[in-house]
Amino acid sequence: MRNLSQLELWFAAGSQSLYGDETLVTVQEHSEDIAHGLSQSSQIPVNIIPKPVMTTADGITKLCAEANRNDRCIGLIAWMHTFSPAKMWIAGLSTLHKPLAHLHTQYNRSLPWSTIDMDFMNLNQSAHGDREFGFIGARMGLNRKVIAGFWRDDAVLKELGIWTRAAAAWHDSQGLKIARFGDNMRNVAVTEGDKVEAQVRLGYLVAGYGIGDLADCMAEVSGREIDKLVAEYDEVYETAPPLRRGGKCRPALREAAKIELGLTAFLEEGGFQAFTDNFEDLHGLAQLPGIAVQRLMAKGYGFGAEGDWKTAALVRAMKVMNIGLQGGTSFMEDYTYDFGEPAKVLGAHMLEVCPTIAGRRPSLEIHPLSIGGKADPVRLVFTAGSGPAVNACLVDLGGRFRIVANEMEVVQPEKPLAKLPVARAVWVPKPNLEAAATAWIYAGGSHHTSFSQALTMKHLEDFAQIAGIEFLSIGNRTHLEDFRKELRWNDVYYLLNWR
Ligand code: MN
């Protein structure tokens with residue numbers, strides 16, 4: 001998915017026939033105005049499609065069934081301009097499988113103090129109409145997002161825009177295919193998980209392949225394709241002398257290009273949007289995929305190393321939410337610390353960090369890899385630019401899935417990292433490294449994460465809410481005492497509410 005503008009949110013105003021045709025025509029016009037206004041907002045990346053005013057249970061049930069069936073529809077926005085007796089909504093909402101947002105707004109910003117009469121009162125009733133709708137949502141225990149405020153206000157548009165991105169990522173997750181080359185890194189615990197439960201809960205299919213399947217795809221790659229891709233590398237990146245034309249490592253660069261072309265063909269042919277590999281299982285590959293993984297991530301693929309399909313899925317979801325926003329999203333790992341003032345994390349991986357987070361033009365380099373026992377891999381080297389960011393992980397606790405996320409500030413290294421041959425980011429976690437790491441560890445958060453300089457905690461919270469999974473937020477308001485209580489309370493909540 002490159003573009004969210006193909007997707008739709010359906011906007012339905014609720015009412016009832018009691019008000020008479022004239023009022024209902026006005027309700028329809030106002031509803032179309034609002035839908036149009038939301039659609040025009042740069043905050044909202046999808047089309048908002050106005051639907052006919054809902055006045056009967058049959059109409060609502062039909063609308064929900066159509067929303068479920070429609071491939072472009074990522075969710076429903078409901079708004080009660082007038083009073084819409086909510087028993088009418090029960091049958092439809094109980095069948096709705098798409099995300100639901102309840103926009104509690106009204107058509108007019110201001111109350112016409114000097115001219116207000118009973119006709120106006122008859123039409124503009126969302127202040128109580130939406131409470132009736134809210135009740136049925138609470139009574140039915142519906143998973144929904146409530147946004148209150150005037151529909152032209154930036155804060156409302158921003159909140160709806162964030163939820164829209166989460167709904168788009170959820171839409172993408174349904175039927176997402178993740179290719180897994182090799183299995184899990186031997187003996188590693190956190191990258192494991194229940195793939196059947198992930199498909200039931202989160203919608204994606206995790207499919208295993210031998211690395212030989214990838215090697216077969218690489219064997220199909222022609223010399224001409226390699227020439228073309230290597231020429232692109234030369235143009236786009238700052239290429240290190242040994243990798244340049246005539247350089248002694250030029251054959252390794254051609255091998256890296258062959259891996260990228262084979263991997264791309266495999267993913268495209270199989271309709272995959274995310275993948276994992278494992279450096280313990282590289283039979284038939286001369287080097288660990290470095291630049292290939294980095295560039296595929298930059299194209300929007302999710303990735304997790306060492307068989308980590310959950311992080312691959314989360315990277316993909318965050319890349320969908322990221323579409324059209326400033327800043328990038330990458331696979332990441334908390335690598336090593338600086339306990340200075342303030343304490344910082346150096347994040348990196350062996351190779352596989354996405355160039356969408358690069359602060360400046362990446363350099364293309366080749367260096368030995370201390371593990372894996374393969375030829376030196378080619379990789380892009382860069383440092384992430386400064387600014388706010390989030391790190392998130394998806395873990396399987398056995399009984400349920402949990403997303404843990406941390407707010408942080410990306411900073412620049414104190415000195416040039418002249419001898420560090422991998423892409424990296426340096427950040428200060430919030431509220432500080434010690435508290436953030438303590439909370440993260442109590443929560444069982446993984447060492448692999450999805451790192452984003454485009455998204456906020458709100459995107460992740462909305463995504464977890466739509467997915468119906470636990471969300472733990474670590475940021476400036478985190479107090480460890482409360483956080484540990486939240487963990488205990490959540491254990492009880494999910495014991496009662498999972499499944
Ligand atoms: Mn790792």
# chains A, B, ... in the order shown; residues from 1 in each chain; ligands from 1
>>> residues_near_ligand(ligand="ligand 1", cutoff="10 Å", atoms="only C-alpha atoms and all ligand atoms", output="PyMOL selection string")
chain A and resi 185+188+191+278-279+304-308+331-335+348-352+446-449
>>> select_by_dssp(residues="segment 15-163 of chain A", states="strand (DSSP E)", output="mmCIF file with all heavy atoms, in the first residue's frame")
data_model
loop_
_atom_site.group_PDB
_atom_site.id
_atom_site.type_symbol
_atom_site.label_atom_id
_atom_site.label_comp_id
_atom_site.auth_asym_id
_atom_site.auth_seq_id
_atom_site.Cartn_x
_atom_site.Cartn_y
_atom_site.Cartn_z
ATOM 1 N N ASN A 47 -10.741 9.076 1.934
ATOM 2 C CA ASN A 47 -11.989 9.743 1.538
ATOM 3 C C ASN A 47 -13.079 9.477 2.556
ATOM 4 O O ASN A 47 -13.246 8.346 3.003
ATOM 5 C CB ASN A 47 -12.449 9.218 0.185
ATOM 6 C CG ASN A 47 -11.619 9.803 -0.927
ATOM 7 O OD1 ASN A 47 -11.429 11.018 -0.980
ATOM 8 N ND2 ASN A 47 -11.104 8.964 -1.794
ATOM 9 N N ILE A 48 -13.829 10.521 2.884
ATOM 10 C CA ILE A 48 -14.963 10.345 3.787
ATOM 11 C C ILE A 48 -16.213 10.358 2.918
ATOM 12 O O ILE A 48 -16.500 11.357 2.239
ATOM 13 C CB ILE A 48 -15.047 11.486 4.826
ATOM 14 C CG1 ILE A 48 -13.684 11.722 5.500
ATOM 15 C CG2 ILE A 48 -16.148 11.207 5.843
ATOM 16 C CD1 ILE A 48 -13.253 10.695 6.492
ATOM 17 N N ILE A 49 -16.916 9.256 2.914
ATOM 18 C CA ILE A 49 -18.069 9.103 2.019
ATOM 19 C C ILE A 49 -19.369 9.261 2.817
ATOM 20 O O ILE A 49 -19.647 8.469 3.721
ATOM 21 C CB ILE A 49 -18.066 7.697 1.360
ATOM 22 C CG1 ILE A 49 -16.694 7.399 0.713
ATOM 23 C CG2 ILE A 49 -19.214 7.562 0.366
ATOM 24 C CD1 ILE A 49 -16.326 8.285 -0.455
ATOM 25 N N PRO A 50 -20.170 10.303 2.482
ATOM 26 C CA PRO A 50 -21.432 10.456 3.206
ATOM 27 C C PRO A 50 -22.438 9.392 2.778
ATOM 28 O O PRO A 50 -22.546 9.067 1.604
ATOM 29 C CB PRO A 50 -21.916 11.851 2.795
ATOM 30 C CG PRO A 50 -21.245 12.143 1.506
ATOM 31 C CD PRO A 50 -19.973 11.332 1.453
ATOM 32 N N CYS A 73 -13.662 0.227 2.181
ATOM 33 C CA CYS A 73 -14.170 0.817 3.425
ATOM 34 C C CYS A 73 -13.358 0.322 4.616
ATOM 35 O O CYS A 73 -13.302 -0.880 4.883
ATOM 36 C CB CYS A 73 -15.642 0.447 3.609
ATOM 37 S SG CYS A 73 -16.308 0.990 5.198
ATOM 38 N N ILE A 74 -12.711 1.243 5.332
ATOM 39 C CA ILE A 74 -11.876 0.846 6.476
ATOM 40 C C ILE A 74 -12.595 1.085 7.797
ATOM 41 O O ILE A 74 -12.062 0.767 8.858
ATOM 42 C CB ILE A 74 -10.516 1.579 6.476
ATOM 43 C CG1 ILE A 74 -10.695 3.103 6.626
ATOM 44 C CG2 ILE A 74 -9.734 1.251 5.209
ATOM 45 C CD1 ILE A 74 -9.398 3.824 6.933
ATOM 46 N N GLY A 75 -13.792 1.665 7.763
ATOM 47 C CA GLY A 75 -14.505 1.875 9.019
ATOM 48 C C GLY A 75 -15.685 2.802 8.840
ATOM 49 O O GLY A 75 -15.965 3.296 7.742
ATOM 50 N N LEU A 76 -16.369 3.009 9.950
ATOM 51 C CA LEU A 76 -17.600 3.778 9.943
ATOM 52 C C LEU A 76 -17.483 4.926 10.955
ATOM 53 O O LEU A 76 -16.976 4.719 12.059
ATOM 54 C CB LEU A 76 -18.726 2.831 10.366
ATOM 55 C CG LEU A 76 -20.167 3.189 10.064
ATOM 56 C CD1 LEU A 76 -20.393 3.315 8.567
ATOM 57 C CD2 LEU A 76 -21.090 2.089 10.630
ATOM 58 N N ILE A 77 -17.949 6.118 10.539
ATOM 59 C CA ILE A 77 -18.054 7.235 11.474
ATOM 60 C C ILE A 77 -19.546 7.491 11.683
ATOM 61 O O ILE A 77 -20.287 7.644 10.713
ATOM 62 C CB ILE A 77 -17.412 8.527 10.932
ATOM 63 C CG1 ILE A 77 -15.952 8.288 10.532
ATOM 64 C CG2 ILE A 77 -17.500 9.658 11.954
ATOM 65 C CD1 ILE A 77 -15.304 9.497 9.850
ATOM 66 N N ALA A 78 -19.967 7.527 12.936
ATOM 67 C CA ALA A 78 -21.378 7.770 13.225
ATOM 68 C C ALA A 78 -21.531 9.099 13.964
ATOM 69 O O ALA A 78 -20.690 9.462 14.793
ATOM 70 C CB ALA A 78 -21.939 6.624 14.071
ATOM 71 N N TRP A 79 -22.609 9.794 13.621
ATOM 72 C CA TRP A 79 -22.905 11.084 14.270
ATOM 73 C C TRP A 79 -24.414 11.258 14.321
ATOM 74 O O TRP A 79 -25.108 11.039 13.331
ATOM 75 C CB TRP A 79 -22.266 12.230 13.462
ATOM 76 C CG TRP A 79 -22.761 13.593 13.847
ATOM 77 C CD1 TRP A 79 -22.696 14.174 15.069
ATOM 78 C CD2 TRP A 79 -23.417 14.546 12.985
ATOM 79 N NE1 TRP A 79 -23.248 15.427 15.042
ATOM 80 C CE2 TRP A 79 -23.706 15.680 13.773
ATOM 81 C CE3 TRP A 79 -23.782 14.557 11.631
ATOM 82 C CZ2 TRP A 79 -24.341 16.804 13.258
ATOM 83 C CZ3 TRP A 79 -24.416 15.673 11.124
ATOM 84 C CH2 TRP A 79 -24.686 16.794 11.936
ATOM 85 N N LEU A 100 -15.114 1.445 14.340
ATOM 86 C CA LEU A 100 -16.198 2.416 14.494
ATOM 87 C C LEU A 100 -15.700 3.640 15.267
ATOM 88 O O LEU A 100 -15.123 3.507 16.346
ATOM 89 C CB LEU A 100 -17.349 1.763 15.274
ATOM 90 C CG LEU A 100 -18.513 2.672 15.706
ATOM 91 C CD1 LEU A 100 -19.292 3.189 14.495
ATOM 92 C CD2 LEU A 100 -19.452 1.924 16.659
ATOM 93 N N ALA A 101 -15.928 4.821 14.685
ATOM 94 C CA ALA A 101 -15.651 6.064 15.406
ATOM 95 C C ALA A 101 -16.972 6.781 15.628
ATOM 96 O O ALA A 101 -17.805 6.872 14.721
ATOM 97 C CB ALA A 101 -14.703 6.950 14.611
ATOM 98 N N HIS A 102 -17.168 7.247 16.831
ATOM 99 C CA HIS A 102 -18.353 8.041 17.147
ATOM 100 C C HIS A 102 -17.891 9.492 17.246
ATOM 101 O O HIS A 102 -17.178 9.864 18.175
ATOM 102 C CB HIS A 102 -18.949 7.542 18.468
ATOM 103 C CG HIS A 102 -20.155 8.316 18.902
ATOM 104 N ND1 HIS A 102 -20.709 8.178 20.154
ATOM 105 C CD2 HIS A 102 -20.909 9.244 18.265
ATOM 106 C CE1 HIS A 102 -21.756 8.980 20.264
ATOM 107 N NE2 HIS A 102 -21.892 9.645 19.137
ATOM 108 N N LEU A 103 -18.273 10.275 16.234
ATOM 109 C CA LEU A 103 -17.883 11.691 16.221
ATOM 110 C C LEU A 103 -18.991 12.496 16.899
ATOM 111 O O LEU A 103 -20.084 12.654 16.344
ATOM 112 C CB LEU A 103 -17.664 12.164 14.779
ATOM 113 C CG LEU A 103 -17.248 13.627 14.619
ATOM 114 C CD1 LEU A 103 -15.914 13.913 15.313
ATOM 115 C CD2 LEU A 103 -17.156 14.015 13.147
ATOM 116 N N HIS A 104 -18.690 12.985 18.077
ATOM 117 C CA HIS A 104 -19.672 13.762 18.831
ATOM 118 C C HIS A 104 -19.424 15.238 18.537
ATOM 119 O O HIS A 104 -18.564 15.871 19.144
ATOM 120 C CB HIS A 104 -19.529 13.447 20.325
ATOM 121 C CG HIS A 104 -20.482 14.228 21.184
ATOM 122 N ND1 HIS A 104 -21.798 14.385 20.850
ATOM 123 C CD2 HIS A 104 -20.293 14.879 22.354
ATOM 124 C CE1 HIS A 104 -22.388 15.122 21.795
ATOM 125 N NE2 HIS A 104 -21.506 15.433 22.709
ATOM 126 N N ARG A 144 -14.940 0.999 20.279
ATOM 127 C CA ARG A 144 -15.152 2.182 19.447
ATOM 128 C C ARG A 144 -14.285 3.331 19.916
ATOM 129 O O ARG A 144 -13.797 3.327 21.041
ATOM 130 C CB ARG A 144 -16.622 2.621 19.501
ATOM 131 C CG ARG A 144 -17.056 3.195 20.842
ATOM 132 C CD ARG A 144 -18.421 2.671 21.235
ATOM 133 N NE ARG A 144 -19.099 3.560 22.196
ATOM 134 C CZ ARG A 144 -18.980 3.450 23.521
ATOM 135 N NH1 ARG A 144 -18.172 2.554 24.077
ATOM 136 N NH2 ARG A 144 -19.642 4.271 24.304
ATOM 137 N N LYS A 145 -14.127 4.320 19.019
ATOM 138 C CA LYS A 145 -13.376 5.522 19.344
ATOM 139 C C LYS A 145 -14.377 6.658 19.465
ATOM 140 O O LYS A 145 -15.188 6.866 18.559
ATOM 141 C CB LYS A 145 -12.388 5.818 18.213
ATOM 142 C CG LYS A 145 -11.688 7.150 18.307
ATOM 143 C CD LYS A 145 -10.516 7.084 19.235
ATOM 144 C CE LYS A 145 -9.770 8.412 19.310
ATOM 145 N NZ LYS A 145 -8.645 8.324 20.252
ATOM 146 N N VAL A 146 -14.336 7.408 20.542
ATOM 147 C CA VAL A 146 -15.215 8.561 20.701
ATOM 148 C C VAL A 146 -14.369 9.826 20.569
ATOM 149 O O VAL A 146 -13.350 9.970 21.240
ATOM 150 C CB VAL A 146 -15.927 8.539 22.074
ATOM 151 C CG1 VAL A 146 -16.832 9.767 22.223
ATOM 152 C CG2 VAL A 146 -16.729 7.250 22.247
ATOM 153 N N ILE A 147 -14.789 10.708 19.678
ATOM 154 C CA ILE A 147 -14.092 11.988 19.490
ATOM 155 C C ILE A 147 -15.128 13.091 19.632
ATOM 156 O O ILE A 147 -16.142 13.090 18.929
ATOM 157 C CB ILE A 147 -13.437 12.070 18.095
ATOM 158 C CG1 ILE A 147 -12.413 10.933 17.932
ATOM 159 C CG2 ILE A 147 -12.781 13.433 17.874
ATOM 160 C CD1 ILE A 147 -11.849 10.811 16.523
ATOM 161 N N ALA A 148 -14.890 14.027 20.553
ATOM 162 C CA ALA A 148 -15.856 15.101 20.795
ATOM 163 C C ALA A 148 -15.241 16.456 20.481
ATOM 164 O O ALA A 148 -14.083 16.711 20.822
ATOM 165 C CB ALA A 148 -16.331 15.056 22.241
#
>>> atom_distance(atom1="atom CA of Ala127 of chain A", atom2="atom CA of Tyr107 of chain A")
11.0 Å
>>> closest_atom_pairs(of="segment 290-394 of chain A", to="segment 471-479 of chain A", cutoff="10 Å", atoms="only C-alpha atoms", output="CSV")
residue,atom,partner,partner_atom,distance
A:Val390,CA,A:Gly475,CA,9.6
A:Asn391,CA,A:Ile474,CA,9.8
A:Ala392,CA,A:Ser473,CA,9.2
A:Leu394,CA,A:Phe471,CA,9.4
>>> atom_distance(atom1="atom CA of Gly398 of chain A", atom2="atom CA of Trp309 of chain A")
15.7 Å
>>> residues_around(residues="segment 236-240 of chain A", least_positions_apart="6", cutoff="8 Å", atoms="only C-alpha atoms", output="PyMOL selection string")
chain A and resi 361-366
>>> select_by_dssp(residues="segment 371-445 of chain A", states="alpha helix (DSSP H)", output="PyMOL selection string")
chain A and resi 433-442
>>> residues_around(residues="segment 421-429 of chain A", least_positions_apart="2", cutoff="7 Å", atoms="only C-alpha atoms", output="PyMOL selection string")
chain A and resi 343-348+350-351+353+367+380-384+406-413+419+431-433+436
>>> residues_around(residues="segment 181-183 of chain A", least_positions_apart="3", cutoff="7 Å", atoms="only C-alpha atoms", output="list of chain:residue names")
A:Gly208, A:Tyr209, A:Gly210, A:Ile211, A:Thr276, A:Asp277, A:Asn278, A:Asp281, A:Gly307
>>> write_last_selection(atoms="C-alpha atoms", output="PDB file, in the first residue's frame")
ATOM      1  CA  GLY A 208       7.398 -20.371   6.648  1.00  0.00           C
ATOM      2  CA  TYR A 209       9.846 -20.981   3.765  1.00  0.00           C
ATOM      3  CA  GLY A 210      13.257 -22.520   3.407  1.00  0.00           C
ATOM      4  CA  ILE A 211      16.035 -20.103   2.553  1.00  0.00           C
ATOM      5  CA  THR A 276      11.729 -12.215   8.436  1.00  0.00           C
ATOM      6  CA  ASP A 277      15.107 -13.865   8.062  1.00  0.00           C
ATOM      7  CA  ASN A 278      17.558 -15.552  10.413  1.00  0.00           C
ATOM      8  CA  ASP A 281      19.929 -20.106   8.370  1.00  0.00           C
ATOM      9  CA  GLY A 307      12.459 -14.950  12.680  1.00  0.00           C
TER      10      GLY A 307
END
>>> closest_residue(among="A:Leu267, A:Val156, A:Met457, A:Leu111", to="Lys430 of chain A", atoms="only C-alpha atoms")
A:Met457
>>> closest_residue(among="A:Leu123, A:Ala317, A:Cys64, A:Leu243", to="Tyr19 of chain A", atoms="only C-alpha atoms")
A:Leu123
>>> decode(residues="segment 113-206 of chain A", atoms="C-alpha atoms", output="PDB file, in the first residue's frame")
ATOM      1  CA  TRP A 113     -28.480  33.224  20.937  1.00  0.00           C
ATOM      2  CA  SER A 114     -30.803  35.930  19.612  1.00  0.00           C
ATOM      3  CA  THR A 115     -32.611  33.874  16.972  1.00  0.00           C
ATOM      4  CA  ILE A 116     -32.745  30.389  18.416  1.00  0.00           C
ATOM      5  CA  ASP A 117     -36.247  28.915  18.278  1.00  0.00           C
ATOM      6  CA  MET A 118     -37.866  25.490  18.450  1.00  0.00           C
ATOM      7  CA  ASP A 119     -37.119  24.730  14.773  1.00  0.00           C
ATOM      8  CA  PHE A 120     -33.436  25.122  15.546  1.00  0.00           C
ATOM      9  CA  MET A 121     -33.809  23.014  18.683  1.00  0.00           C
ATOM     10  CA  ASN A 122     -35.612  20.347  16.645  1.00  0.00           C
ATOM     11  CA  LEU A 123     -32.684  20.021  14.239  1.00  0.00           C
ATOM     12  CA  ASN A 124     -29.593  20.482  16.384  1.00  0.00           C
ATOM     13  CA  GLN A 125     -29.786  17.807  19.044  1.00  0.00           C
ATOM     14  CA  SER A 126     -26.475  15.997  18.954  1.00  0.00           C
ATOM     15  CA  ALA A 127     -25.749  17.080  22.521  1.00  0.00           C
ATOM     16  CA  HIS A 128     -28.334  14.539  23.650  1.00  0.00           C
ATOM     17  CA  GLY A 129     -28.687  12.446  20.483  1.00  0.00           C
ATOM     18  CA  ASP A 130     -25.071  11.346  20.706  1.00  0.00           C
ATOM     19  CA  ARG A 131     -25.508  10.414  24.358  1.00  0.00           C
ATOM     20  CA  GLU A 132     -28.231   7.940  23.396  1.00  0.00           C
ATOM     21  CA  PHE A 133     -25.835   6.480  20.817  1.00  0.00           C
ATOM     22  CA  GLY A 134     -23.042   6.471  23.395  1.00  0.00           C
ATOM     23  CA  PHE A 135     -25.215   4.477  25.761  1.00  0.00           C
ATOM     24  CA  ILE A 136     -25.799   1.686  23.286  1.00  0.00           C
ATOM     25  CA  GLY A 137     -22.067   1.531  22.564  1.00  0.00           C
ATOM     26  CA  ALA A 138     -21.343   1.162  26.267  1.00  0.00           C
ATOM     27  CA  ARG A 139     -24.253  -1.213  26.851  1.00  0.00           C
ATOM     28  CA  MET A 140     -23.122  -3.509  24.020  1.00  0.00           C
ATOM     29  CA  GLY A 141     -19.463  -3.217  25.028  1.00  0.00           C
ATOM     30  CA  LEU A 142     -18.575  -2.034  21.528  1.00  0.00           C
ATOM     31  CA  ASN A 143     -14.963  -1.420  20.670  1.00  0.00           C
ATOM     32  CA  ARG A 144     -15.152   2.182  19.447  1.00  0.00           C
ATOM     33  CA  LYS A 145     -13.376   5.522  19.344  1.00  0.00           C
ATOM     34  CA  VAL A 146     -15.215   8.561  20.701  1.00  0.00           C
ATOM     35  CA  ILE A 147     -14.092  11.988  19.490  1.00  0.00           C
ATOM     36  CA  ALA A 148     -15.856  15.101  20.795  1.00  0.00           C
ATOM     37  CA  GLY A 149     -15.579  18.684  19.553  1.00  0.00           C
ATOM     38  CA  PHE A 150     -16.435  20.966  16.650  1.00  0.00           C
ATOM     39  CA  TRP A 151     -15.796  19.195  13.347  1.00  0.00           C
ATOM     40  CA  ARG A 152     -13.781  22.019  11.796  1.00  0.00           C
ATOM     41  CA  ASP A 153     -11.425  22.353  14.771  1.00  0.00           C
ATOM     42  CA  ASP A 154      -7.843  21.249  14.242  1.00  0.00           C
ATOM     43  CA  ALA A 155      -7.804  19.173  17.410  1.00  0.00           C
ATOM     44  CA  VAL A 156     -10.815  17.147  16.237  1.00  0.00           C
ATOM     45  CA  LEU A 157      -9.434  16.702  12.717  1.00  0.00           C
ATOM     46  CA  LYS A 158      -6.083  15.662  14.109  1.00  0.00           C
ATOM     47  CA  GLU A 159      -7.611  13.114  16.450  1.00  0.00           C
ATOM     48  CA  LEU A 160      -9.789  11.685  13.700  1.00  0.00           C
ATOM     49  CA  GLY A 161      -6.805  11.655  11.331  1.00  0.00           C
ATOM     50  CA  ILE A 162      -4.732   9.616  13.779  1.00  0.00           C
ATOM     51  CA  TRP A 163      -7.567   7.132  14.268  1.00  0.00           C
ATOM     52  CA  THR A 164      -8.007   6.953  10.481  1.00  0.00           C
ATOM     53  CA  ARG A 165      -4.362   5.941  10.085  1.00  0.00           C
ATOM     54  CA  ALA A 166      -4.782   3.248  12.749  1.00  0.00           C
ATOM     55  CA  ALA A 167      -7.916   2.002  10.958  1.00  0.00           C
ATOM     56  CA  ALA A 168      -5.979   1.908   7.667  1.00  0.00           C
ATOM     57  CA  ALA A 169      -3.223  -0.169   9.295  1.00  0.00           C
ATOM     58  CA  TRP A 170      -5.862  -2.500  10.725  1.00  0.00           C
ATOM     59  CA  HIS A 171      -7.435  -2.829   7.276  1.00  0.00           C
ATOM     60  CA  ASP A 172      -3.998  -3.711   5.894  1.00  0.00           C
ATOM     61  CA  SER A 173      -3.438  -6.317   8.646  1.00  0.00           C
ATOM     62  CA  GLN A 174      -6.518  -8.267   7.587  1.00  0.00           C
ATOM     63  CA  GLY A 175      -5.096 -10.771   5.156  1.00  0.00           C
ATOM     64  CA  LEU A 176      -1.511  -9.507   5.476  1.00  0.00           C
ATOM     65  CA  LYS A 177       0.976 -12.172   4.454  1.00  0.00           C
ATOM     66  CA  ILE A 178       4.297 -12.484   6.255  1.00  0.00           C
ATOM     67  CA  ALA A 179       7.036 -14.663   4.718  1.00  0.00           C
ATOM     68  CA  ARG A 180       9.411 -16.230   7.154  1.00  0.00           C
ATOM     69  CA  PHE A 181      12.749 -17.488   5.807  1.00  0.00           C
ATOM     70  CA  GLY A 182      13.935 -20.087   8.265  1.00  0.00           C
ATOM     71  CA  ASP A 183      12.534 -20.411  11.758  1.00  0.00           C
ATOM     72  CA  ASN A 184      13.098 -18.534  14.970  1.00  0.00           C
ATOM     73  CA  MET A 185      16.657 -17.885  16.170  1.00  0.00           C
ATOM     74  CA  ARG A 186      17.428 -20.930  18.267  1.00  0.00           C
ATOM     75  CA  ASN A 187      16.573 -20.578  21.960  1.00  0.00           C
ATOM     76  CA  VAL A 188      15.278 -16.995  21.721  1.00  0.00           C
ATOM     77  CA  ALA A 189      11.975 -16.628  23.596  1.00  0.00           C
ATOM     78  CA  VAL A 190      10.422 -13.237  22.879  1.00  0.00           C
ATOM     79  CA  THR A 191      10.395 -13.626  19.097  1.00  0.00           C
ATOM     80  CA  GLU A 192       8.208 -16.733  19.435  1.00  0.00           C
ATOM     81  CA  GLY A 193       4.433 -16.615  19.632  1.00  0.00           C
ATOM     82  CA  ASP A 194       1.161 -18.185  18.672  1.00  0.00           C
ATOM     83  CA  LYS A 195       0.723 -17.695  14.925  1.00  0.00           C
ATOM     84  CA  VAL A 196      -2.763 -19.159  14.877  1.00  0.00           C
ATOM     85  CA  GLU A 197      -3.892 -16.749  17.592  1.00  0.00           C
ATOM     86  CA  ALA A 198      -2.214 -13.903  15.660  1.00  0.00           C
ATOM     87  CA  GLN A 199      -4.244 -14.779  12.581  1.00  0.00           C
ATOM     88  CA  VAL A 200      -7.483 -15.082  14.572  1.00  0.00           C
ATOM     89  CA  ARG A 201      -6.881 -11.837  16.486  1.00  0.00           C
ATOM     90  CA  LEU A 202      -4.880  -9.671  14.141  1.00  0.00           C
ATOM     91  CA  GLY A 203      -5.679 -11.069  10.718  1.00  0.00           C
ATOM     92  CA  TYR A 204      -2.274 -11.911   9.319  1.00  0.00           C
ATOM     93  CA  LEU A 205      -0.933 -15.124   7.931  1.00  0.00           C
ATOM     94  CA  VAL A 206       2.619 -16.117   8.874  1.00  0.00           C
TER      95      VAL A 206
END
